[in-house]
Structure formats: C-alpha cells, structure tokens
>>> print(open('my_file22.cif').read())   # mmCIF, C-alpha atoms and all ligand atoms
data_run
#
loop_
_atom_site.group_PDB
_atom_site.id
_atom_site.type_symbol
_atom_site.label_atom_id
_atom_site.label_comp_id
_atom_site.auth_asym_id
_atom_site.auth_seq_id
_atom_site.Cartn_x
_atom_site.Cartn_y
_atom_site.Cartn_z
ATOM 1 C CA MET A 2 35.223 83.943 -35.388
ATOM 2 C CA MET A 3 34.706 80.838 -33.315
ATOM 3 C CA ALA A 4 35.421 80.714 -29.620
ATOM 4 C CA PHE A 5 38.289 78.691 -28.198
ATOM 5 C CA GLY A 6 36.040 76.192 -26.381
ATOM 6 C CA PRO A 7 34.228 74.902 -29.488
ATOM 7 C CA ILE A 8 37.545 74.506 -31.314
ATOM 8 C CA VAL A 9 38.846 72.268 -28.505
ATOM 9 C CA ILE A 10 35.659 70.207 -28.577
ATOM 10 C CA LEU A 11 35.851 69.894 -32.363
ATOM 11 C CA ALA A 12 39.502 68.880 -32.156
ATOM 12 C CA LEU A 13 38.626 66.172 -29.611
ATOM 13 C CA CYS A 14 35.791 64.977 -31.865
ATOM 14 C CA ALA A 15 38.182 64.858 -34.826
ATOM 15 C CA LEU A 16 40.648 62.885 -32.717
ATOM 16 C CA SER A 17 37.912 60.444 -31.667
ATOM 17 C CA VAL A 18 36.863 59.971 -35.284
ATOM 18 C CA TRP A 19 40.450 59.377 -36.331
ATOM 19 C CA MET A 20 41.029 56.873 -33.508
ATOM 20 C CA GLY A 21 37.747 55.142 -34.320
ATOM 21 C CA ILE A 22 38.707 54.793 -37.985
ATOM 22 C CA ALA A 23 42.154 53.488 -36.995
ATOM 23 C CA ALA A 24 40.623 50.942 -34.598
ATOM 24 C CA VAL A 25 38.113 49.760 -37.197
ATOM 25 C CA LEU A 26 40.685 49.511 -39.993
ATOM 26 C CA ARG A 27 42.998 47.602 -37.688
ATOM 27 C CA VAL A 28 40.588 44.717 -37.282
ATOM 28 C CA CYS A 29 39.682 44.718 -40.965
ATOM 29 C CA ARG A 30 43.110 44.563 -42.544
ATOM 30 C CA VAL A 31 45.729 41.897 -42.643
ATOM 31 C CA PRO A 32 49.159 43.293 -41.707
ATOM 32 C CA ARG A 33 51.221 43.877 -44.837
ATOM 33 C CA ALA A 34 54.473 42.846 -43.159
ATOM 34 C CA VAL A 35 53.337 39.224 -42.990
ATOM 35 C CA GLU A 36 54.019 37.080 -46.050
ATOM 36 C CA PRO A 37 51.052 35.162 -47.505
ATOM 37 C CA GLY A 38 52.766 31.877 -46.684
ATOM 38 C CA GLY A 39 53.814 32.992 -43.220
ATOM 39 C CA SER A 40 56.825 34.840 -41.848
ATOM 40 C CA CYS A 41 59.489 34.440 -39.255
ATOM 41 C CA GLY A 42 57.917 35.388 -35.946
ATOM 42 C CA ARG A 43 60.871 37.597 -35.103
ATOM 43 C CA CYS A 44 62.071 39.358 -38.254
ATOM 44 C CA GLY A 45 59.300 38.712 -40.777
ATOM 45 C CA TYR A 46 61.405 36.766 -43.265
ATOM 46 C CA ALA A 47 59.308 34.627 -45.627
ATOM 47 C CA TYR A 48 58.723 31.137 -44.246
ATOM 48 C CA THR A 49 59.727 28.299 -46.580
ATOM 49 C CA HIS A 50 59.653 25.299 -44.250
ATOM 50 C CA TRP A 51 62.993 26.029 -42.659
ATOM 51 C CA THR A 52 63.470 25.291 -38.953
ATOM 52 C CA ARG A 53 66.047 28.029 -38.382
ATOM 53 C CA CYS A 54 65.433 31.427 -39.951
ATOM 54 C CA PRO A 55 68.052 32.132 -42.672
ATOM 55 C CA GLU A 56 67.759 35.832 -41.942
ATOM 56 C CA CYS A 57 67.998 36.188 -38.174
ATOM 57 C CA GLY A 58 68.887 32.656 -37.106
ATOM 58 C CA SER A 59 65.957 32.190 -34.732
ATOM 59 C CA GLU A 60 64.525 28.733 -34.125
ATOM 60 C CA VAL A 61 60.997 28.236 -35.378
ATOM 61 C CA SER A 62 60.157 26.463 -32.117
ATOM 62 C CA THR A 63 61.123 29.632 -30.234
ATOM 63 C CA VAL A 64 59.788 32.562 -32.277
ATOM 64 C CA GLY A 65 57.052 30.762 -34.242
ATOM 65 C CA ILE A 66 55.597 31.474 -37.636
ATOM 66 C CA ALA A 67 53.377 34.471 -38.099
ATOM 67 C CA THR A 68 50.553 33.784 -40.575
ATOM 68 C CA PRO A 69 48.184 36.461 -41.882
ATOM 69 C CA TRP A 70 45.264 34.665 -40.283
ATOM 70 C CA LEU A 71 46.962 34.492 -36.885
ATOM 71 C CA MET A 72 47.984 38.147 -37.014
ATOM 72 C CA PHE A 73 44.533 39.122 -38.095
ATOM 73 C CA ARG A 74 42.921 37.222 -35.238
ATOM 74 C CA HIS A 75 45.122 38.955 -32.719
ATOM 75 C CA ARG A 76 44.526 42.465 -33.957
ATOM 76 C CA GLY A 77 41.313 43.020 -32.102
ATOM 77 C CA SER A 78 37.879 41.632 -31.610
ATOM 78 C CA MET A 79 34.750 42.330 -33.599
ATOM 79 C CA PRO A 80 32.766 43.696 -30.605
ATOM 80 C CA GLY A 81 35.645 46.070 -29.916
ATOM 81 C CA ALA A 82 35.584 47.277 -33.494
ATOM 82 C CA LEU A 83 31.818 47.800 -33.436
ATOM 83 C CA PHE A 84 32.091 49.702 -30.162
ATOM 84 C CA ALA A 85 34.759 51.950 -31.693
ATOM 85 C CA LEU A 86 32.626 52.363 -34.782
ATOM 86 C CA THR A 87 29.593 53.408 -32.733
ATOM 87 C CA LEU A 88 31.597 55.927 -30.731
ATOM 88 C CA MET A 89 33.031 57.205 -33.975
ATOM 89 C CA ALA A 90 29.541 57.749 -35.403
ATOM 90 C CA PHE A 91 28.567 59.974 -32.462
ATOM 91 C CA ALA A 92 31.847 61.870 -32.583
ATOM 92 C CA MET A 93 31.350 62.321 -36.311
ATOM 93 C CA ALA A 94 27.844 63.715 -35.817
ATOM 94 C CA PHE A 95 29.266 66.300 -33.418
ATOM 95 C CA LEU A 96 32.172 67.031 -35.711
ATOM 96 C CA LEU A 97 29.994 67.433 -38.787
ATOM 97 C CA THR A 98 27.581 69.665 -36.884
ATOM 98 C CA GLY A 99 30.386 71.853 -35.591
ATOM 99 C CA LEU A 100 32.010 72.140 -38.990
ATOM 100 C CA THR A 101 28.689 72.906 -40.689
ATOM 101 C CA VAL A 102 27.856 75.581 -38.127
ATOM 102 C CA GLY A 103 31.316 77.075 -38.597
ATOM 103 C CA LEU A 104 30.883 76.991 -42.350
ATOM 104 C CA CYS A 105 27.491 78.695 -42.130
ATOM 105 C CA GLN A 106 28.892 81.385 -39.843
ATOM 106 C CA PHE A 107 31.940 81.898 -42.019
ATOM 107 C CA ALA A 108 29.927 82.172 -45.226
ATOM 108 C CA GLY A 109 27.441 84.922 -44.513
ATOM 109 C CA TRP A 110 25.448 83.985 -47.597
ATOM 110 C CA ASN A 111 23.698 81.154 -45.895
ATOM 111 C CA GLN A 112 23.110 82.775 -42.586
ATOM 112 C CA HIS A 113 19.656 82.603 -41.200
ATOM 113 C CA THR A 114 19.162 85.766 -39.234
ATOM 114 C CA ARG A 115 16.474 85.720 -36.659
ATOM 115 C CA GLN A 116 15.811 89.024 -35.028
ATOM 116 C CA SER A 117 13.439 88.508 -32.217
ATOM 117 C CA GLY A 118 12.683 89.566 -28.736
ATOM 118 C CA MET A 119 10.925 92.499 -27.302
ATOM 119 C CA SER A 120 10.961 95.643 -29.308
ATOM 120 C CA THR A 121 8.446 97.338 -27.182
ATOM 121 C CA LEU A 122 7.271 100.597 -28.591
ATOM 122 C CA GLN A 123 5.400 102.657 -26.088
ATOM 123 C CA PRO A 124 4.361 106.268 -25.675
ATOM 124 C CA PRO A 125 7.121 108.405 -24.175
ATOM 125 C CA PRO A 126 6.234 110.897 -21.442
ATOM 126 C CA ILE A 127 4.892 114.078 -22.951
ATOM 127 C CA ASN A 128 5.058 117.440 -21.145
ATOM 128 C CA GLY A 129 1.772 118.433 -19.650
ATOM 129 C CA ARG A 130 0.272 115.065 -20.354
ATOM 130 C CA PRO A 131 1.556 112.345 -18.079
ATOM 131 C CA GLN A 132 1.478 108.976 -19.716
ATOM 132 C CA PRO A 133 0.006 106.125 -17.773
ATOM 133 C CA LEU A 134 1.617 102.745 -17.832
ATOM 134 C CA PRO A 135 2.122 101.501 -21.368
ATOM 135 C CA GLN A 136 -1.103 101.928 -23.261
ATOM 136 C CA VAL A 137 0.328 99.970 -26.077
ATOM 137 C CA SER A 138 3.314 97.795 -26.474
ATOM 138 C CA PHE A 139 4.520 95.830 -29.429
ATOM 139 C CA LEU A 140 6.578 92.840 -29.976
ATOM 140 C CA VAL A 141 8.470 92.809 -33.214
ATOM 141 C CA HIS A 142 9.734 89.468 -34.333
ATOM 142 C CA ARG A 143 11.714 89.178 -37.531
ATOM 143 C CA GLU A 144 12.690 85.915 -38.959
ATOM 144 C CA VAL A 145 14.470 86.412 -42.203
ATOM 145 C CA VAL A 146 16.898 84.500 -44.332
ATOM 146 C CA GLY A 147 19.683 86.510 -45.813
ATOM 147 C CA PRO A 148 23.110 87.944 -45.112
ATOM 148 C CA SER A 149 21.537 90.473 -42.764
ATOM 149 C CA VAL A 150 18.192 91.691 -41.544
ATOM 150 C CA ASN A 151 18.462 94.597 -43.972
ATOM 151 C CA SER A 152 18.818 92.465 -47.075
ATOM 152 C CA PRO A 153 16.520 89.516 -46.502
ATOM 153 C CA THR A 154 15.852 87.016 -49.227
ATOM 154 C CA ARG A 155 12.742 85.678 -47.547
ATOM 155 C CA GLY A 156 11.138 85.438 -44.161
ATOM 156 C CA GLU A 157 8.523 87.183 -42.142
ATOM 157 C CA VAL A 158 7.952 89.909 -39.638
ATOM 158 C CA VAL A 159 5.413 89.401 -36.907
ATOM 159 C CA LEU A 160 4.150 92.425 -35.035
ATOM 160 C CA VAL A 161 2.199 91.698 -31.927
ATOM 161 C CA LEU A 162 0.082 94.257 -30.155
ATOM 162 C CA LEU A 163 -0.611 93.255 -26.605
ATOM 163 C CA PRO A 164 -4.043 93.882 -25.217
ATOM 164 C CA LYS A 165 -4.007 95.491 -21.815
ATOM 165 C CA GLY A 166 -2.847 93.170 -19.105
ATOM 166 C CA ALA A 167 -1.888 90.414 -21.489
ATOM 167 C CA THR A 168 1.463 88.753 -21.312
ATOM 168 C CA LEU A 169 3.168 87.222 -24.238
ATOM 169 C CA ALA A 170 4.780 83.845 -24.259
ATOM 170 C CA MET A 171 7.876 83.639 -26.364
ATOM 171 C CA THR A 172 8.508 80.308 -27.946
ATOM 172 C CA ALA A 173 11.795 79.191 -29.402
ATOM 173 C CA ASP A 174 10.731 79.928 -32.947
ATOM 174 C CA ARG A 175 8.016 82.514 -32.866
ATOM 175 C CA PRO A 176 6.083 84.547 -30.375
ATOM 176 C CA ASP A 177 2.767 83.134 -29.371
ATOM 177 C CA THR A 178 0.353 85.486 -31.072
ATOM 178 C CA THR A 179 -2.877 84.020 -29.827
ATOM 179 C CA GLY A 180 -5.053 86.486 -28.018
ATOM 180 C CA ALA A 181 -3.189 89.446 -29.461
ATOM 181 C CA PHE A 182 -3.654 91.757 -32.393
ATOM 182 C CA HIS A 183 -0.989 90.959 -34.867
ATOM 183 C CA ILE A 184 0.394 91.617 -38.302
ATOM 184 C CA LEU A 185 2.111 88.962 -40.291
ATOM 185 C CA HIS A 186 4.233 90.371 -43.072
ATOM 186 C CA ASP A 187 6.052 88.377 -45.715
ATOM 187 C CA VAL A 188 9.407 90.016 -46.330
ATOM 188 C CA LYS A 189 9.860 88.714 -49.846
ATOM 189 C CA ASP A 190 6.562 89.349 -51.610
ATOM 190 C CA GLY A 191 5.094 92.022 -49.334
ATOM 191 C CA GLN A 192 1.942 90.026 -48.553
ATOM 192 C CA PHE A 193 0.478 90.909 -45.214
ATOM 193 C CA VAL A 194 -2.433 90.040 -43.019
ATOM 194 C CA THR A 195 -3.650 91.837 -39.918
ATOM 195 C CA ARG A 196 -5.702 89.923 -37.389
ATOM 196 C CA SER A 197 -7.738 90.750 -34.330
ATOM 197 C CA ASP A 198 -7.218 89.108 -30.956
ATOM 198 C CA ALA A 199 -10.175 86.886 -31.830
ATOM 199 C CA GLY A 200 -8.160 85.586 -34.758
ATOM 200 C CA GLU A 201 -10.302 87.109 -37.458
ATOM 201 C CA THR A 202 -8.676 88.778 -40.419
ATOM 202 C CA ILE A 203 -8.963 92.553 -40.399
ATOM 203 C CA ARG A 204 -7.122 93.233 -43.606
ATOM 204 C CA GLU A 205 -4.911 91.408 -45.997
ATOM 205 C CA GLY A 206 -3.164 92.303 -49.193
ATOM 206 C CA LYS A 207 0.117 93.227 -50.722
ATOM 207 C CA GLY A 208 2.198 96.270 -49.866
ATOM 208 C CA ILE A 209 1.125 97.318 -46.398
ATOM 209 C CA GLN A 210 0.387 101.032 -45.964
ATOM 210 C CA ILE A 211 -0.009 103.562 -43.155
ATOM 211 C CA GLU A 212 -3.795 103.168 -43.270
ATOM 212 C CA ASP A 213 -3.602 99.416 -42.716
ATOM 213 C CA VAL A 214 -1.557 99.816 -39.546
ATOM 214 C CA ALA A 215 -3.568 102.836 -38.321
ATOM 215 C CA ASP A 216 -6.785 100.860 -38.795
ATOM 216 C CA TRP A 217 -5.243 97.950 -36.921
ATOM 217 C CA LEU A 218 -4.311 100.252 -34.024
ATOM 218 C CA GLU A 219 -7.764 101.794 -33.944
ATOM 219 C CA ARG A 220 -9.516 98.436 -33.830
ATOM 220 C CA ALA A 221 -7.200 97.361 -31.041
ATOM 221 C CA GLY A 222 -8.505 100.302 -29.038
ATOM 222 C CA VAL A 223 -5.209 102.132 -28.723
ATOM 223 C CA ALA A 224 -5.896 105.495 -27.089
ATOM 224 C CA PHE A 225 -4.280 107.715 -29.690
ATOM 225 C CA ASP A 226 -5.731 110.644 -31.535
ATOM 226 C CA GLU A 227 -5.653 110.636 -35.311
ATOM 227 C CA GLU A 228 -2.258 112.322 -35.680
ATOM 228 C CA GLU A 229 -0.669 110.139 -33.011
ATOM 229 C CA ARG A 230 -2.079 107.074 -34.675
ATOM 230 C CA ARG A 231 -0.629 108.134 -38.033
ATOM 231 C CA VAL A 232 2.828 108.683 -36.545
ATOM 232 C CA ALA A 233 2.633 105.445 -34.566
ATOM 233 C CA ALA A 234 1.598 103.565 -37.703
ATOM 234 C CA ALA A 235 4.583 105.021 -39.575
ATOM 235 C CA GLN A 236 6.919 103.978 -36.762
ATOM 236 C CA ILE A 237 5.513 100.466 -36.792
ATOM 237 C CA LEU A 238 5.830 100.311 -40.573
ATOM 238 C CA GLN A 239 9.498 101.134 -40.234
ATOM 239 C CA GLU A 240 9.839 98.072 -38.057
ATOM 240 C CA ILE A 241 8.635 96.056 -41.024
ATOM 241 C CA ASP A 242 10.561 97.939 -43.672
ATOM 242 C CA SER A 243 13.050 100.588 -42.625
ATOM 243 C CA SER A 244 12.824 102.311 -46.008
ATOM 244 C CA HIS A 245 9.049 102.171 -46.407
ATOM 245 C CA ALA A 246 8.107 105.180 -48.552
ATOM 246 C CA GLY A 247 4.798 105.811 -46.759
ATOM 247 C CA ALA A 248 6.468 105.741 -43.369
ATOM 248 C CA LEU A 249 9.259 108.081 -44.478
ATOM 249 C CA ALA A 250 6.634 110.513 -45.786
ATOM 250 C CA VAL A 251 5.294 110.815 -42.236
ATOM 251 C CA ILE A 252 8.344 110.522 -40.014
ATOM 252 C CA GLY A 253 11.216 111.053 -42.440
ATOM 253 C CA PRO A 254 13.673 113.934 -41.985
ATOM 254 C CA GLY A 255 11.795 117.225 -41.825
ATOM 255 C CA ASN A 256 8.374 115.611 -42.074
ATOM 256 C CA LEU A 257 7.630 114.956 -38.444
ATOM 257 C CA GLY A 258 5.395 117.469 -36.684
ATOM 258 C CA PRO A 259 6.305 119.372 -33.522
ATOM 259 C CA ARG A 260 4.952 116.612 -31.302
ATOM 260 C CA GLY A 261 7.609 114.184 -32.470
ATOM 261 C CA VAL A 262 7.340 110.428 -32.422
ATOM 262 C CA VAL A 263 4.747 108.875 -30.157
ATOM 263 C CA LEU A 264 6.290 105.476 -29.597
ATOM 264 C CA ALA A 265 9.525 104.966 -27.760
ATOM 265 C CA SER A 266 11.501 101.853 -28.514
ATOM 266 C CA ARG A 267 12.683 99.688 -25.708
ATOM 267 C CA GLY A 268 15.042 96.741 -25.670
ATOM 268 C CA PHE A 269 15.752 94.936 -28.852
ATOM 269 C CA SER A 270 17.719 91.815 -29.294
ATOM 270 C CA THR A 271 19.183 90.302 -32.386
ATOM 271 C CA ARG A 272 20.567 86.860 -32.586
ATOM 272 C CA SER A 273 21.911 85.301 -35.684
ATOM 273 C CA ILE A 274 21.360 81.620 -36.014
ATOM 274 C CA PRO A 275 23.580 79.804 -38.447
ATOM 275 C CA SER A 276 21.563 77.834 -40.926
ATOM 276 C CA LEU A 277 21.849 76.067 -44.186
ATOM 277 C CA PRO A 278 20.516 78.214 -47.040
ATOM 278 C CA PHE A 279 17.622 75.803 -47.486
ATOM 279 C CA ALA A 280 15.012 74.354 -45.182
ATOM 280 C CA VAL A 281 15.335 70.718 -44.139
ATOM 281 C CA VAL A 282 11.883 69.131 -43.907
ATOM 282 C CA GLY A 283 10.611 72.633 -43.290
ATOM 283 C CA LEU A 284 13.113 73.359 -40.525
ATOM 284 C CA THR A 285 15.890 75.933 -40.559
ATOM 285 C CA GLY A 286 18.542 76.971 -38.092
ATOM 286 C CA MET A 287 20.287 74.515 -35.799
ATOM 287 C CA THR A 288 17.504 71.960 -36.138
ATOM 288 C CA GLY A 289 18.005 71.775 -39.896
ATOM 289 C CA ILE A 290 21.772 71.478 -39.536
ATOM 290 C CA THR A 291 21.450 68.781 -36.868
ATOM 291 C CA ILE A 292 19.058 66.749 -38.998
ATOM 292 C CA VAL A 293 21.403 66.840 -41.999
ATOM 293 C CA THR A 294 24.537 65.979 -40.027
ATOM 294 C CA SER A 295 22.768 63.257 -38.011
ATOM 295 C CA VAL A 296 21.423 61.631 -41.155
ATOM 296 C CA ALA A 297 24.854 61.884 -42.818
ATOM 297 C CA SER A 298 26.517 60.301 -39.777
ATOM 298 C CA ALA A 299 23.883 57.559 -39.616
ATOM 299 C CA VAL A 300 24.419 56.736 -43.294
ATOM 300 C CA ILE A 301 28.193 56.636 -42.832
ATOM 301 C CA TYR A 302 27.694 54.443 -39.745
ATOM 302 C CA ILE A 303 25.466 51.941 -41.544
ATOM 303 C CA VAL A 304 27.773 51.743 -44.569
ATOM 304 C CA ALA A 305 30.828 51.335 -42.338
ATOM 305 C CA LEU A 306 29.036 48.692 -40.267
ATOM 306 C CA TRP A 307 28.147 46.728 -43.377
ATOM 307 C CA TRP A 308 31.702 47.037 -44.686
ATOM 308 C CA VAL A 309 33.283 45.925 -41.409
ATOM 309 C CA VAL A 310 30.993 42.920 -40.964
ATOM 310 C CA THR A 311 31.299 41.613 -44.531
ATOM 311 C CA ARG A 312 35.014 42.229 -44.780
ATOM 312 C CA ARG A 313 35.736 40.704 -41.421
ATOM 313 C CA ARG A 314 33.638 37.653 -42.275
ATOM 314 C CA ARG A 315 35.479 37.242 -45.581
ATOM 315 C CA LEU A 316 38.936 37.600 -44.030
ATOM 316 C CA MET A 317 38.117 35.185 -41.219
ATOM 317 C CA SER A 318 36.731 32.538 -43.560
ATOM 318 C CA PRO A 319 38.520 29.122 -43.468
ATOM 319 C CA GLU A 320 39.578 29.374 -47.138
ATOM 320 C CA ARG A 321 41.966 32.162 -46.271
ATOM 321 C CA SER A 322 43.483 30.487 -43.263
ATOM 322 C CA GLY A 323 45.133 27.786 -45.329
ATOM 323 C CA ALA A 324 47.015 30.195 -47.582
HETATM 324 ZN ZN ZN A 401 63.879 35.696 -38.775
#
>>> encode(input="my_file22.cif", output="structure tokens", more="lines below")
Ligand SMILES: [Zn+2]
Amino acid sequence: MMAFGPIVILALCALSVWMGIAAVLRVCRVPRAVEPGGSCGRCGYAYTHWTRCPECGSEVSTVGIATPWLMFRHRGSMPGALFALTLMAFAMAFLLTGLTVGLCQFAGWNQHTRQSGMSTLQPPPINGRPQPLPQVSFLVHREVVGPSVNSPTRGEVVLVLLPKGATLAMTADRPDTTGAFHILHDVKDGQFVTRSDAGETIREGKGIQIEDVADWLERAGVAFDEEERRVAAAQILQEIDSSHAGALAVIGPGNLGPRGVVLASRGFSTRSIPSLPFAVVGLTGMTGITIVTSVASAVIYIVALWWVVTRRRRLMSPERSGA
C-alpha cells in the first residue's frame, strides 16, 4: 500500500507529462478547423475568394482569413515546445520510477529483500558467572532476492564477527567487512567462505556445518568453552539458514542442554527494497530501477525531440504556406 504523499507527487508528475505532451502536440499540428485553402476568421467557413462571408456575413477586411500556416505559426514557439518537452522528460522519469516502484511493491515476486543491520548476538548474563562487556558480537547482513527472506531465490548472507574494540562501518549496500572475521554464504548454492581479519581464507566449501562456524569462532579467539562454542555456532548457523539440520540437532526443541543458548540477539532491522527481478548492469534495488526509467525517459525524450524538430520544420516549410 502506497502512502498518500507519493500518490500526490505521482499525480502531479502525470499531470506535468500530460500538459507537456499537449503543449508539444499543439505546436506540431495544424488546427483541423481551418480549411486547407483558408477559412473565415470568425466562423471558419471555407474561403473561396469572397469578400463577405456567406455564412456569417463578416467582412474579410474585418475578420481576416485564417490559413493553416498562420494558425500554426501562432500556436506557440519552438523554444517553448522544447522547454515543455524537457520538463516533460524529467516528469516522466519521476513518473516511470514511481510507477515501477509501485509495481515492484505490488507484485511481491520481484521484490528484492535486503535484511541488514545489526543482529548482534552476544552472551547473556549467566548466574554465577558475570559476563563482561560483549566478548563477541555479530553483524548479520542478508541480501536476498525473493518474495521474502525465508524463500530466497538468490543472494548472500554476510556474518561479521567484530574483533574487540573494532567498530563496523555500514555502507549502503553491504557492511564493511575489512578487519573483521567474516563468513560469506551464498543463499542459492550453499557455497561459503570464512575469512580471518587478515583477509585470508580459513575454510571454503559447500554446505556450511557446525564445525566450520565453531572453527571460525575459535580462530577469532572467542572466549567460549567447547560446548558454548557448539551452541553459538548452531545459533549463528540459524542466522544463515533457519532450518539448518545441523543447527536444529544442537539447539532444536528438546536438544538444548541445561545451560541454554549462549548468544542473545539484539536489534534486528529488515527493510525491503523494491527491485526489478533482474540486475541492471549489476545493480539491483532503487539504483537498478532508476537506471532503467532514466534510460527509458531519455530515449523517449530523444525520439520526441527528433519528431518535433522534423515535423515542425516540414510544416513550416514554404511549400505548405501557399496551399
Ligand atoms: Zn464567417
């Protein structure tokens, strides 16, 4: 459901486009009411060299003869038409973008769902063992294409483990994973790679398992004992795939030990970004939509410009004026 504001803006854009088209057509068309050989300047009756109009009785010297060429000349100037055309092109780009975004949102099939932001998993306080400030925190960034995060058609999940004291810069598209342990997981084919903060590959393969994540945690120096590490790894795996069999075997119903989970989830944000179901020069989301609609508007603009100039030149040519 679109908000009221965007609908008003789209309506204004549509109005601008319509007015632009009307203004352009006006200077490119000869009025139909005028006879080829000229008409009475008052009532439009065909001119046949009379001095007093047989239809309305007006004197030619008073009301004049309207010729197509004269009418055409007085309909508007070429610069005015080009100005209207240029404004129309911008309004059309906005209109097309708005309509495409609305279409993408309406049709869930082409929605590009980007789930990003901090999903910080950290050890909860445990009785008898006070937890210091977060020993480990994760950033989970999902960028998937599909009707929802749960049924992705492709995309990736990036898990970032922050070394102590490090801060993480979020970019518009992906978290900055330099200087952090991270896992890159392809949603579609299950390929994964885990890397150290030095950027070297720790493990890579297909079908990530508990051991891969536990090993990753251990190398990162997370202060967990073996059991905690196993549970933490299962929790992290569920961030990648909520129905991961290996993870469910550890933390599924009835499987979790008396100590419970070791990582507490904090703050998670999901934002769905409308997108075309295909990448445009490698770009998805609003950027892809904007590129397509801008190019479409530019093409329409150039074609319209060519049409206006050639048609106007043809209609204004001297051969037509003597008709
Ligand atoms: Zn007349």
>>> residues_around(input="my_file22.cif", residues="Asp198 (chain A)", least_positions_apart="2", cutoff="12 Å", atoms="only C-alpha atoms", output="PDB file with C-alpha atoms, keeping the file's coordinate frame")
ATOM      1  CA  VAL A 161       2.199  91.698 -31.927  1.00  0.00           C
ATOM      2  CA  LEU A 162       0.082  94.257 -30.155  1.00  0.00           C
ATOM      3  CA  LEU A 163      -0.611  93.255 -26.605  1.00  0.00           C
ATOM      4  CA  PRO A 164      -4.043  93.882 -25.217  1.00  0.00           C
ATOM      5  CA  LYS A 165      -4.007  95.491 -21.815  1.00  0.00           C
ATOM      6  CA  ALA A 167      -1.888  90.414 -21.489  1.00  0.00           C
ATOM      7  CA  ASP A 177       2.767  83.134 -29.371  1.00  0.00           C
ATOM      8  CA  THR A 178       0.353  85.486 -31.072  1.00  0.00           C
ATOM      9  CA  THR A 179      -2.877  84.020 -29.827  1.00  0.00           C
ATOM     10  CA  GLY A 180      -5.053  86.486 -28.018  1.00  0.00           C
ATOM     11  CA  ALA A 181      -3.189  89.446 -29.461  1.00  0.00           C
ATOM     12  CA  PHE A 182      -3.654  91.757 -32.393  1.00  0.00           C
ATOM     13  CA  HIS A 183      -0.989  90.959 -34.867  1.00  0.00           C
ATOM     14  CA  ILE A 184       0.394  91.617 -38.302  1.00  0.00           C
ATOM     15  CA  THR A 195      -3.650  91.837 -39.918  1.00  0.00           C
ATOM     16  CA  ARG A 196      -5.702  89.923 -37.389  1.00  0.00           C
ATOM     17  CA  GLY A 200      -8.160  85.586 -34.758  1.00  0.00           C
ATOM     18  CA  GLU A 201     -10.302  87.109 -37.458  1.00  0.00           C
ATOM     19  CA  THR A 202      -8.676  88.778 -40.419  1.00  0.00           C
ATOM     20  CA  ILE A 203      -8.963  92.553 -40.399  1.00  0.00           C
ATOM     21  CA  TRP A 217      -5.243  97.950 -36.921  1.00  0.00           C
ATOM     22  CA  LEU A 218      -4.311 100.252 -34.024  1.00  0.00           C
ATOM     23  CA  ARG A 220      -9.516  98.436 -33.830  1.00  0.00           C
ATOM     24  CA  ALA A 221      -7.200  97.361 -31.041  1.00  0.00           C
ATOM     25  CA  GLY A 222      -8.505 100.302 -29.038  1.00  0.00           C
TER      26      GLY A 222
END
>>> resolve_selection(input="my_file22.cif", expression="the PyMOL selection byres (((chain A and resi 297) around 12) and not hetatm)", output="PyMOL selection string")
chain A and resi 90-91+93-98+101+290-296+298-304
>>> residues_near_ligand(input="my_file22.cif", ligand="ligand ZN 401 (chain A)", cutoff="10 Å", atoms="only C-alpha atoms and all ligand atoms", output="VMD selection string")
chain A and resid 40 to 48 53 to 61 64 to 66
>>> write_last_selection(input="my_file22.cif", atoms="C-alpha atoms", output="short mmCIF file (atom, residue, chain, number, x, y, z; two decimals), in the coordinates of the input")
data_model
loop_
_atom_site.label_atom_id
_atom_site.label_comp_id
_atom_site.auth_asym_id
_atom_site.auth_seq_id
_atom_site.Cartn_x
_atom_site.Cartn_y
_atom_site.Cartn_z
CA SER A 40 56.82 34.84 -41.85
CA CYS A 41 59.49 34.44 -39.26
CA GLY A 42 57.92 35.39 -35.95
CA ARG A 43 60.87 37.60 -35.10
CA CYS A 44 62.07 39.36 -38.25
CA GLY A 45 59.30 38.71 -40.78
CA TYR A 46 61.40 36.77 -43.26
CA ALA A 47 59.31 34.63 -45.63
CA TYR A 48 58.72 31.14 -44.25
CA ARG A 53 66.05 28.03 -38.38
CA CYS A 54 65.43 31.43 -39.95
CA PRO A 55 68.05 32.13 -42.67
CA GLU A 56 67.76 35.83 -41.94
CA CYS A 57 68.00 36.19 -38.17
CA GLY A 58 68.89 32.66 -37.11
CA SER A 59 65.96 32.19 -34.73
CA GLU A 60 64.53 28.73 -34.12
CA VAL A 61 61.00 28.24 -35.38
CA VAL A 64 59.79 32.56 -32.28
CA GLY A 65 57.05 30.76 -34.24
CA ILE A 66 55.60 31.47 -37.64
#
>>> resolve_selection(input="my_file22.cif", expression="the PyMOL selection byres (((chain A and resi 30) around 12) and not hetatm)", output="list in words")
Ala23, Ala24, Val25, Leu26, Arg27, Val28, Cys29, Val31, Pro32, Arg33, Ala34, Val35, Pro69, Trp70, Met72, Phe73, Arg74, His75, Arg76, Gly77, Trp308, Val309, Arg312, Arg313, Arg314, Arg315, Leu316 and Met317 of chain A
>>> resolve_selection(input="my_file22.cif", expression="the PyMOL selection byres (((chain A and resi 241) around 9) and not hetatm)", output="ChimeraX atom specification")
/A:141,143,157-160,186,188,237-240,242-243,245
>>> residues_near_point(input="my_file22.cif", point="(24.6, 75.5, -36.1)", cutoff="8 Å", atoms="all atoms listed in the file", output="PDB file with C-alpha atoms, in the frame of the given file")
ATOM      1  CA  THR A  98      27.581  69.665 -36.884  1.00  0.00           C
ATOM      2  CA  GLY A  99      30.386  71.853 -35.591  1.00  0.00           C
ATOM      3  CA  THR A 101      28.689  72.906 -40.689  1.00  0.00           C
ATOM      4  CA  VAL A 102      27.856  75.581 -38.127  1.00  0.00           C
ATOM      5  CA  GLY A 103      31.316  77.075 -38.597  1.00  0.00           C
ATOM      6  CA  CYS A 105      27.491  78.695 -42.130  1.00  0.00           C
ATOM      7  CA  ILE A 274      21.360  81.620 -36.014  1.00  0.00           C
ATOM      8  CA  PRO A 275      23.580  79.804 -38.447  1.00  0.00           C
ATOM      9  CA  SER A 276      21.563  77.834 -40.926  1.00  0.00           C
ATOM     10  CA  GLY A 286      18.542  76.971 -38.092  1.00  0.00           C
ATOM     11  CA  MET A 287      20.287  74.515 -35.799  1.00  0.00           C
ATOM     12  CA  THR A 288      17.504  71.960 -36.138  1.00  0.00           C
ATOM     13  CA  ILE A 290      21.772  71.478 -39.536  1.00  0.00           C
ATOM     14  CA  THR A 291      21.450  68.781 -36.868  1.00  0.00           C
TER      15      THR A 291
END
>>> residues_around(input="my_file22.cif", residues="region 226-232 of chain A", least_positions_apart="4", cutoff="7 Å", atoms="all atoms listed in the file", output="PDB file with C-alpha atoms, in the frame of the given file")
ATOM      1  CA  ILE A 211      -0.009 103.562 -43.155  1.00  0.00           C
ATOM      2  CA  ALA A 215      -3.568 102.836 -38.321  1.00  0.00           C
ATOM      3  CA  GLN A 236       6.919 103.978 -36.762  1.00  0.00           C
ATOM      4  CA  VAL A 251       5.294 110.815 -42.236  1.00  0.00           C
ATOM      5  CA  ILE A 252       8.344 110.522 -40.014  1.00  0.00           C
ATOM      6  CA  VAL A 262       7.340 110.428 -32.422  1.00  0.00           C
ATOM      7  CA  VAL A 263       4.747 108.875 -30.157  1.00  0.00           C
TER       8      VAL A 263
END
